[in-house]
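Printed here is work.cif (mmCIF, C-alpha atoms):
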```
data_run
loop_
_atom_site.label_atom_id
_atom_site.label_comp_id
_atom_site.auth_asym_id
_atom_site.auth_seq_id
_atom_site.Cartn_x
_atom_site.Cartn_y
_atom_site.Cartn_z
CA MET A 249 23.56 -0.85 3.99
CA ALA A 250 23.86 2.22 6.18
CA ILE A 251 20.69 1.40 8.13
CA ALA A 252 21.99 -2.07 8.99
CA ARG A 253 25.33 -0.67 10.18
CA TRP A 254 23.85 2.15 12.25
CA HIS A 255 21.41 -0.16 14.02
CA ASP A 256 23.63 -3.26 14.11
CA LEU A 257 21.07 -5.34 12.24
CA PRO A 258 21.72 -8.98 11.30
CA ASP A 259 22.82 -10.04 7.83
CA VAL A 260 19.37 -11.48 7.19
CA TYR A 261 18.01 -7.92 7.21
CA VAL A 262 20.43 -6.85 4.47
CA TRP A 263 19.66 -9.93 2.37
CA THR A 264 15.93 -9.38 2.81
CA VAL A 265 16.22 -5.81 1.51
CA LEU A 266 18.37 -6.90 -1.44
CA LEU A 267 15.95 -9.70 -2.34
CA GLY A 268 13.13 -7.18 -2.08
CA TYR A 269 14.85 -4.87 -4.55
CA ALA A 270 15.45 -7.80 -6.92
CA ALA A 271 11.80 -8.85 -6.70
CA LEU A 272 10.66 -5.26 -7.26
CA SER A 273 12.84 -4.94 -10.36
CA ALA A 274 11.47 -8.20 -11.76
CA LEU A 275 7.86 -7.15 -11.13
CA VAL A 276 8.38 -3.72 -12.73
CA VAL A 277 10.01 -5.26 -15.81
CA ALA A 278 7.28 -7.90 -16.09
CA GLY A 279 4.40 -5.50 -15.47
CA ALA A 280 5.49 -2.51 -17.53
CA PRO A 281 4.04 -2.29 -21.03
CA ARG A 282 6.52 -2.92 -23.81
CA ARG A 283 6.13 0.60 -25.09
CA LEU A 284 5.83 3.42 -22.60
CA PRO A 285 5.33 7.06 -23.63
CA PRO A 286 8.59 9.04 -23.82
CA PRO A 287 10.78 9.28 -21.79
CA GLY A 288 10.41 5.56 -21.11
CA LEU A 289 9.67 4.78 -17.47
CA GLY A 290 9.01 8.48 -16.85
CA TRP A 291 9.69 10.73 -13.87
CA ALA A 292 6.44 9.85 -12.12
CA ASN A 293 7.30 6.14 -12.03
CA ARG A 294 10.80 7.04 -10.90
CA VAL A 295 9.29 8.85 -7.92
CA THR A 296 7.25 5.72 -7.16
CA LEU A 297 10.45 3.67 -7.38
CA LEU A 298 12.05 6.08 -4.90
CA ARG A 299 9.13 5.47 -2.56
CA ALA A 300 9.68 1.74 -2.96
CA THR A 301 13.32 2.10 -1.88
CA LEU A 302 11.98 3.53 1.39
CA VAL A 303 9.22 0.96 1.86
CA LEU A 304 11.37 -2.16 1.37
CA PRO A 305 13.75 -1.39 4.29
CA VAL A 306 10.65 -1.00 6.47
CA ALA A 307 9.31 -4.35 5.27
CA ALA A 308 12.63 -6.01 6.07
CA LEU A 309 12.23 -4.97 9.71
CA LEU A 310 9.72 -7.81 9.97
CA VAL A 311 12.70 -10.19 10.19
CA THR A 312 13.65 -8.44 13.45
CA PRO A 313 11.85 -9.88 16.50
CA GLY A 314 9.15 -7.54 17.80
CA SER A 315 10.63 -7.48 21.29
CA ALA A 316 13.84 -6.06 19.82
CA LEU A 317 12.21 -3.47 17.59
CA GLY A 318 12.89 -0.64 20.07
CA SER A 319 14.35 2.41 18.36
CA LEU A 320 13.77 0.73 15.00
CA ALA A 321 10.12 1.68 15.44
CA TRP A 322 11.13 5.30 14.95
CA LEU A 323 13.09 4.29 11.85
CA ALA A 324 9.99 2.60 10.44
CA VAL A 325 7.88 5.66 11.24
CA ALA A 326 10.39 8.05 9.64
CA LEU A 327 10.79 6.06 6.42
CA ALA A 328 7.04 5.49 6.10
CA LEU A 329 6.35 9.19 6.66
CA VAL A 330 8.70 10.17 3.83
CA ALA A 331 7.13 7.53 1.58
CA LEU A 332 3.68 8.86 2.48
CA ALA A 333 4.77 12.46 1.80
CA LEU A 334 5.93 11.40 -1.67
CA ASP A 335 2.65 9.57 -2.34
CA GLY A 336 1.03 12.56 -3.99
CA VAL A 337 4.18 13.64 -5.81
CA ASP A 338 4.25 10.86 -8.41
CA GLY A 339 0.66 11.57 -9.46
CA ALA A 340 1.30 15.30 -9.65
CA VAL A 341 4.42 14.72 -11.76
CA ALA A 342 2.49 12.41 -14.09
CA ARG A 343 -0.23 15.00 -14.62
CA ARG A 344 2.23 17.86 -15.03
CA THR A 345 4.26 15.95 -17.64
CA ALA A 346 1.19 14.42 -19.32
CA SER A 347 2.66 10.95 -18.74
CA GLU A 348 -0.20 9.24 -16.87
CA THR A 349 -0.48 5.51 -17.60
CA ARG A 350 -2.49 2.60 -16.23
CA PHE A 351 0.80 0.96 -15.32
CA GLY A 352 1.88 3.98 -13.26
CA ALA A 353 -1.46 4.18 -11.44
CA ARG A 354 -1.35 0.43 -10.69
CA PHE A 355 2.27 0.63 -9.53
CA ASP A 356 1.42 3.46 -7.14
CA MET A 357 -1.68 1.66 -5.80
CA GLU A 358 0.12 -1.66 -5.24
CA LEU A 359 2.96 0.07 -3.38
CA ASP A 360 0.46 1.83 -1.11
CA ALA A 361 -1.28 -1.48 -0.38
CA PHE A 362 2.03 -3.18 0.38
CA LEU A 363 3.12 -0.37 2.72
CA ILE A 364 -0.14 -0.63 4.66
CA LEU A 365 0.22 -4.41 4.97
CA VAL A 366 3.82 -4.06 6.19
CA LEU A 367 2.92 -1.42 8.77
CA ALA A 368 -0.02 -3.51 10.00
CA ALA A 369 2.23 -6.55 10.40
CA LEU A 370 4.82 -4.46 12.27
CA VAL A 371 2.14 -3.16 14.63
CA TRP A 372 0.98 -6.73 15.27
CA THR A 373 4.50 -8.01 16.02
CA SER A 374 5.67 -5.06 18.11
CA THR A 375 2.60 -3.99 20.13
CA PRO A 376 0.09 -5.74 22.42
CA LEU A 377 -2.59 -5.53 19.71
CA GLY A 378 -3.79 -8.86 18.41
CA PHE A 379 -3.75 -10.23 14.89
CA TRP A 380 -6.93 -8.29 14.09
CA VAL A 381 -4.82 -5.23 13.27
CA VAL A 382 -3.29 -7.07 10.29
CA TRP A 383 -6.74 -7.05 8.64
CA ILE A 384 -6.11 -3.36 7.91
CA GLY A 385 -3.55 -4.54 5.37
CA LEU A 386 -5.20 -7.81 4.34
CA VAL A 387 -8.67 -6.59 3.36
CA ARG A 388 -7.55 -5.17 0.03
CA TYR A 389 -5.83 -8.43 -0.96
CA LEU A 390 -8.92 -10.41 0.02
CA PHE A 391 -10.94 -8.09 -2.22
CA VAL A 392 -8.60 -8.90 -5.13
CA LEU A 393 -8.91 -12.62 -4.39
CA ALA A 394 -12.69 -12.31 -4.28
CA GLY A 395 -12.54 -10.68 -7.71
CA TRP A 396 -10.90 -13.80 -9.11
CA LEU A 397 -13.81 -15.83 -7.80
CA TRP A 398 -16.63 -13.41 -8.60
CA THR A 399 -16.39 -11.39 -11.83
CA PRO A 400 -18.55 -8.38 -10.78
CA LEU A 401 -15.83 -7.33 -8.31
CA THR A 402 -13.32 -6.85 -11.13
CA GLY A 403 -15.08 -3.81 -12.57
CA ASP A 404 -13.44 -0.39 -12.71
CA LEU A 405 -14.29 1.86 -9.77
CA PRO A 406 -14.73 5.60 -10.31
CA PRO A 407 -12.21 7.95 -8.66
CA SER A 408 -13.10 8.54 -5.00
CA PHE A 409 -11.86 11.10 -2.48
CA ARG A 410 -13.32 8.85 0.23
CA ARG A 411 -10.98 6.03 -0.79
CA LYS A 412 -7.92 8.27 -0.76
CA ALA A 413 -8.82 9.86 2.58
CA ILE A 414 -9.37 6.51 4.29
CA CYS A 415 -6.03 5.28 2.90
CA VAL A 416 -4.34 8.23 4.61
CA VAL A 417 -6.24 7.47 7.84
CA GLN A 418 -5.03 3.85 7.68
CA VAL A 419 -1.37 4.82 7.35
CA ALA A 420 -1.67 7.55 9.99
CA ALA A 421 -3.29 5.16 12.48
CA LEU A 422 -0.60 2.53 11.93
CA LEU A 423 2.18 5.10 12.31
CA VAL A 424 0.60 6.28 15.56
CA ALA A 425 0.48 2.67 16.72
CA LEU A 426 4.17 2.16 15.93
CA ALA A 427 5.33 5.29 17.78
CA PRO A 428 6.59 4.03 21.19
CA VAL A 429 5.35 7.13 23.06
CA VAL A 430 1.66 6.66 22.20
CA PRO A 431 -0.54 5.15 24.98
CA PRO A 432 -1.91 1.65 24.21
CA SER A 433 -5.51 2.84 24.58
CA LEU A 434 -5.00 5.44 21.84
CA VAL A 435 -3.24 2.86 19.67
CA ALA A 436 -6.17 0.44 19.88
CA GLY A 437 -8.69 3.21 19.23
CA ALA A 438 -6.84 4.60 16.20
CA CYS A 439 -6.41 1.17 14.60
CA GLY A 440 -9.98 0.18 15.40
CA LEU A 441 -11.26 3.35 13.72
CA ALA A 442 -9.07 2.73 10.68
CA LEU A 443 -10.35 -0.83 10.30
CA THR A 444 -13.97 0.29 10.70
CA LEU A 445 -13.61 2.99 8.04
CA LEU A 446 -11.85 0.53 5.74
CA ALA A 447 -14.66 -2.01 6.08
CA TYR A 448 -17.22 0.72 5.34
CA SER A 449 -15.29 1.89 2.26
CA PHE A 450 -15.00 -1.61 0.81
CA ALA A 451 -18.67 -2.28 1.52
CA VAL A 452 -19.62 0.85 -0.46
CA ASP A 453 -17.38 -0.15 -3.37
CA VAL A 454 -18.63 -3.75 -3.44
CA LEU A 455 -22.25 -2.59 -3.44
CA TRP A 456 -21.53 -0.16 -6.29
CA LEU A 457 -19.75 -2.84 -8.36
CA VAL A 458 -22.54 -5.39 -7.86
CA ARG A 459 -25.28 -2.90 -8.71
CA THR A 460 -23.38 -1.77 -11.82
CA ALA A 461 -22.69 -5.33 -12.98
CA TYR A 462 -26.34 -6.42 -12.67
CA ARG A 463 -27.95 -3.20 -13.83
CA PRO A 464 -30.32 -3.91 -16.75
CA ALA A 465 -29.04 -2.66 -20.10
CA PRO A 466 -30.93 0.39 -21.39
CA SER A 467 -33.52 -0.44 -24.00
CA THR A 468 -32.78 0.60 -27.56
CA GLY A 469 -36.35 0.58 -28.85
CA ARG A 470 -37.18 2.64 -31.89
#
```
Target encoding structure tokens, full file:
Amino acid sequence: MAIARWHDLPDVYVWTVLLGYAALSALVVAGAPRRLPPPGLGWANRVTLLRATLVLPVAALLVTPGSALGSLAWLAVALALVALALDGVDGAVARRTASETRFGARFDMELDAFLILVLAALVWTSTPLGFWVVWIGLVRYLFVLAGWLWTPLTGDLPPSFRRKAICVVQVAALLVALAPVVPPSLVAGACGLALTLLAYSFAVDVLWLVRTAYRPAPSTGR
């Protein structure tokens, strides 16, 4: 890969990226419905796949020791910024081409969650911040796990601008933390704010799901 050659990265980096692409292909094939609206996978999902090709090289940087991250931090920031810029493109393409699917929405959401987890792990391994910063990426997966144990948390949430805005804040805070020129005090403050907003957002959603699940059914008296 060009990135590995330019930055003289070890072979394990290349193999990690290739394995990531293989795993992504397997998950897409397994998760996609057997019959998708024409034209098959669709342009919106292709944009999401393009984003994934940017995210996986960032994830593979985790095999590089944090002390040696150096200029690779800027590479991670650049790739993540492009992936973030394309985040709204796949949804816009889906709406414009009338090709919105539950699979496409789930694919986009899972890629966003994975990117946040990767960035949080990179911040942990390459900055003085403690493990607490990784919770920015872990909270969502803990929420999914909690849903397996408690059915009310598996309900469908209504669309929320709050959720989307806080997602952007999370990524922005983690990118600020990765940039080598940002003072440590600002890094800690930005990540702390992101984690606080994330906890608030999940608390609101959990409360809404629980109230909805246990809301008495309307009477149908005559």
> Written as a ChimeraX atom specification, what is the full residue list that the PyMOL selection byres ((chain A and resi 296-310) around 7) yields on the file shown?
Replying inline: /A:261,264-265,268,292-295,311-312,324,327-328,331,334,338,356,359,363,366,370
>> Taking the file as I've supplied it (selection: the PyMOL selection byres ((chain A and resi 321) around 9)), which residues are included? Please answer as a PyMOL selection string.
In response: chain A and resi 317-320+322-326+370+374+426-428
> So what do you get for atom CA of Ser449 of chain A versus atom CA of Val430 of chain A, distance-wise?
Replying inline: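 According to the coordinates, atom CA of Ser449 of chain A and atom CA of Val430 of chain A are separated by 26.6 Å.
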>> Starting from the PyMOL selection byres ((chain A and resi 438) around 8), expand the selection into actual residues of this file and give them as a VMD selection string.
In response: chain A and resid 421 to 422 424 to 425 434 to 437 439 to 442
>> Taking 6 positions as the minimum chain separation for residues in the same chain, which residues sit within 12 Å of segment 405-408 of chain A when counting only C-alpha atoms? Answer as JSON, numbers by chain.
In response: {"A": [353, 414, 415, 449, 450, 452, 453, 454, 455, 456, 457, 458, 460, 461]}
>> Counting only C-alpha atoms, which residues have an atom no more than 12 Å from (-21.3, -8.9, -14.3) in the file's coordinates? Please list them as a list in words.
In response: Gly395, Trp398, Thr399, Pro400, Leu401, Thr402, Gly403, Asp404, Trp456, Leu457, Val458, Arg459, Thr460, Ala461, Tyr462, Arg463, Pro464 and Ala465 of chain A
> Mind pulling up the distance from atom CA of Val262 of chain A to atom CA of Leu423 of chain A?
Replying inline: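 Between these atoms lies a distance of 23.2 Å.
Using only C-alpha atoms for every distance, the candidate list A:Trp263, A:Phe351, A:Tyr269, A:Tyr389 yields A:Phe351 as the residue closest to Gly290 of chain A.
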> So how far away is atom CA of Glu348 of chain A from atom CA of Gly279 of chain A, in Å?
Replying inline: 15.5 Å
Work out where the centre of an axis-aligned box around every listed atom of segment 418-428 of chain A lies and how long its edges are once 5 Å is added on each side; give both in Å to one decimal as lines of an AutoDock Vina configuration file.
```
center_x = 0.8
center_y = 4.9
center_z = 14.3
size_x = 21.6
size_y = 15.4
size_z = 23.8
```
>> Within 12 Å of (-12.0, -0.6, 3.4) (file coordinates; only C-alpha atoms), which protein or nucleic acid residues are there? I'd like them as number ranges by chain.
In response: A: 361, 364, 383-391, 410-418, 441-454
Because the input lacks atoms here, generate all heavy atoms for segment 450-461 of chain A and report them as a PDB file, in the frame of the given file.
```
ATOM      1  N   PHE A 450     -14.912  -0.447   1.693  1.00  0.00           N
ATOM      2  CA  PHE A 450     -15.000  -1.610   0.810  1.00  0.00           C
ATOM      3  C   PHE A 450     -16.445  -2.041   0.618  1.00  0.00           C
ATOM      4  O   PHE A 450     -16.824  -2.501  -0.469  1.00  0.00           O
ATOM      5  CB  PHE A 450     -14.149  -2.752   1.351  1.00  0.00           C
ATOM      6  CG  PHE A 450     -12.730  -2.723   0.861  1.00  0.00           C
ATOM      7  CD1 PHE A 450     -11.723  -2.184   1.639  1.00  0.00           C
ATOM      8  CD2 PHE A 450     -12.408  -3.217  -0.390  1.00  0.00           C
ATOM      9  CE1 PHE A 450     -10.418  -2.146   1.188  1.00  0.00           C
ATOM     10  CE2 PHE A 450     -11.096  -3.179  -0.862  1.00  0.00           C
ATOM     11  CZ  PHE A 450     -10.102  -2.647  -0.065  1.00  0.00           C
ATOM     12  N   ALA A 451     -17.267  -1.924   1.649  1.00  0.00           N
ATOM     13  CA  ALA A 451     -18.670  -2.280   1.520  1.00  0.00           C
ATOM     14  C   ALA A 451     -19.361  -1.379   0.489  1.00  0.00           C
ATOM     15  O   ALA A 451     -20.149  -1.851  -0.344  1.00  0.00           O
ATOM     16  CB  ALA A 451     -19.374  -2.166   2.874  1.00  0.00           C
ATOM     17  N   VAL A 452     -19.056  -0.088   0.512  1.00  0.00           N
ATOM     18  CA  VAL A 452     -19.620   0.850  -0.460  1.00  0.00           C
ATOM     19  C   VAL A 452     -19.188   0.488  -1.873  1.00  0.00           C
ATOM     20  O   VAL A 452     -19.995   0.468  -2.810  1.00  0.00           O
ATOM     21  CB  VAL A 452     -19.201   2.297  -0.118  1.00  0.00           C
ATOM     22  CG1 VAL A 452     -19.591   3.254  -1.239  1.00  0.00           C
ATOM     23  CG2 VAL A 452     -19.829   2.746   1.195  1.00  0.00           C
ATOM     24  N   ASP A 453     -17.895   0.171  -2.034  1.00  0.00           N
ATOM     25  CA  ASP A 453     -17.380  -0.150  -3.370  1.00  0.00           C
ATOM     26  C   ASP A 453     -17.959  -1.467  -3.885  1.00  0.00           C
ATOM     27  O   ASP A 453     -18.304  -1.585  -5.067  1.00  0.00           O
ATOM     28  CB  ASP A 453     -15.849  -0.242  -3.332  1.00  0.00           C
ATOM     29  CG  ASP A 453     -15.196   1.125  -3.204  1.00  0.00           C
ATOM     30  OD1 ASP A 453     -15.874   2.124  -3.500  1.00  0.00           O
ATOM     31  OD2 ASP A 453     -14.021   1.193  -2.795  1.00  0.00           O
ATOM     32  N   VAL A 454     -18.070  -2.466  -3.023  1.00  0.00           N
ATOM     33  CA  VAL A 454     -18.630  -3.750  -3.440  1.00  0.00           C
ATOM     34  C   VAL A 454     -20.082  -3.583  -3.867  1.00  0.00           C
ATOM     35  O   VAL A 454     -20.516  -4.117  -4.898  1.00  0.00           O
ATOM     36  CB  VAL A 454     -18.509  -4.790  -2.297  1.00  0.00           C
ATOM     37  CG1 VAL A 454     -19.361  -6.017  -2.598  1.00  0.00           C
ATOM     38  CG2 VAL A 454     -17.060  -5.191  -2.087  1.00  0.00           C
ATOM     39  N   LEU A 455     -20.845  -2.822  -3.094  1.00  0.00           N
ATOM     40  CA  LEU A 455     -22.250  -2.590  -3.440  1.00  0.00           C
ATOM     41  C   LEU A 455     -22.364  -1.883  -4.772  1.00  0.00           C
ATOM     42  O   LEU A 455     -23.211  -2.240  -5.608  1.00  0.00           O
ATOM     43  CB  LEU A 455     -22.910  -1.761  -2.333  1.00  0.00           C
ATOM     44  CG  LEU A 455     -24.412  -1.494  -2.487  1.00  0.00           C
ATOM     45  CD1 LEU A 455     -25.173  -2.809  -2.531  1.00  0.00           C
ATOM     46  CD2 LEU A 455     -24.921  -0.606  -1.354  1.00  0.00           C
ATOM     47  N   TRP A 456     -21.500  -0.903  -5.025  1.00  0.00           N
ATOM     48  CA  TRP A 456     -21.530  -0.160  -6.290  1.00  0.00           C
ATOM     49  C   TRP A 456     -21.190  -1.086  -7.456  1.00  0.00           C
ATOM     50  O   TRP A 456     -21.846  -1.055  -8.506  1.00  0.00           O
ATOM     51  CB  TRP A 456     -20.559   1.009  -6.242  1.00  0.00           C
ATOM     52  CG  TRP A 456     -20.649   1.926  -7.434  1.00  0.00           C
ATOM     53  CD1 TRP A 456     -21.438   3.027  -7.573  1.00  0.00           C
ATOM     54  CD2 TRP A 456     -19.927   1.784  -8.672  1.00  0.00           C
ATOM     55  NE1 TRP A 456     -21.257   3.588  -8.821  1.00  0.00           N
ATOM     56  CE2 TRP A 456     -20.338   2.841  -9.515  1.00  0.00           C
ATOM     57  CE3 TRP A 456     -18.985   0.886  -9.146  1.00  0.00           C
ATOM     58  CZ2 TRP A 456     -19.824   3.016 -10.788  1.00  0.00           C
ATOM     59  CZ3 TRP A 456     -18.478   1.048 -10.431  1.00  0.00           C
ATOM     60  CH2 TRP A 456     -18.898   2.107 -11.234  1.00  0.00           C
ATOM     61  N   LEU A 457     -20.162  -1.918  -7.290  1.00  0.00           N
ATOM     62  CA  LEU A 457     -19.750  -2.840  -8.360  1.00  0.00           C
ATOM     63  C   LEU A 457     -20.844  -3.846  -8.676  1.00  0.00           C
ATOM     64  O   LEU A 457     -21.111  -4.142  -9.851  1.00  0.00           O
ATOM     65  CB  LEU A 457     -18.466  -3.557  -7.944  1.00  0.00           C
ATOM     66  CG  LEU A 457     -17.184  -2.723  -7.955  1.00  0.00           C
ATOM     67  CD1 LEU A 457     -16.042  -3.484  -7.296  1.00  0.00           C
ATOM     68  CD2 LEU A 457     -16.795  -2.331  -9.381  1.00  0.00           C
ATOM     69  N   VAL A 458     -21.488  -4.387  -7.647  1.00  0.00           N
ATOM     70  CA  VAL A 458     -22.540  -5.390  -7.860  1.00  0.00           C
ATOM     71  C   VAL A 458     -23.739  -4.756  -8.552  1.00  0.00           C
ATOM     72  O   VAL A 458     -24.308  -5.321  -9.504  1.00  0.00           O
ATOM     73  CB  VAL A 458     -22.944  -6.030  -6.524  1.00  0.00           C
ATOM     74  CG1 VAL A 458     -24.168  -6.915  -6.702  1.00  0.00           C
ATOM     75  CG2 VAL A 458     -21.785  -6.841  -5.950  1.00  0.00           C
ATOM     76  N   ARG A 459     -24.140  -3.574  -8.082  1.00  0.00           N
ATOM     77  CA  ARG A 459     -25.280  -2.900  -8.710  1.00  0.00           C
ATOM     78  C   ARG A 459     -24.979  -2.563 -10.167  1.00  0.00           C
ATOM     79  O   ARG A 459     -25.845  -2.710 -11.039  1.00  0.00           O
ATOM     80  CB  ARG A 459     -25.610  -1.616  -7.934  1.00  0.00           C
ATOM     81  CG  ARG A 459     -26.337  -1.858  -6.623  1.00  0.00           C
ATOM     82  CD  ARG A 459     -26.612  -0.543  -5.926  1.00  0.00           C
ATOM     83  NE  ARG A 459     -27.456  -0.726  -4.748  1.00  0.00           N
ATOM     84  CZ  ARG A 459     -27.779   0.262  -3.910  1.00  0.00           C
ATOM     85  NH1 ARG A 459     -27.331   1.498  -4.131  1.00  0.00           N
ATOM     86  NH2 ARG A 459     -28.554   0.018  -2.869  1.00  0.00           N
ATOM     87  N   THR A 460     -23.758  -2.124 -10.441  1.00  0.00           N
ATOM     88  CA  THR A 460     -23.380  -1.770 -11.820  1.00  0.00           C
ATOM     89  C   THR A 460     -23.345  -2.996 -12.708  1.00  0.00           C
ATOM     90  O   THR A 460     -23.801  -2.966 -13.859  1.00  0.00           O
ATOM     91  CB  THR A 460     -22.006  -1.083 -11.822  1.00  0.00           C
ATOM     92  OG1 THR A 460     -22.048   0.084 -10.994  1.00  0.00           O
ATOM     93  CG2 THR A 460     -21.611  -0.677 -13.237  1.00  0.00           C
ATOM     94  N   ALA A 461     -22.814  -4.109 -12.176  1.00  0.00           N
ATOM     95  CA  ALA A 461     -22.690  -5.330 -12.980  1.00  0.00           C
ATOM     96  C   ALA A 461     -24.048  -5.910 -13.340  1.00  0.00           C
ATOM     97  O   ALA A 461     -24.220  -6.458 -14.435  1.00  0.00           O
ATOM     98  CB  ALA A 461     -21.858  -6.361 -12.224  1.00  0.00           C
TER      99      ALA A 461
END
```
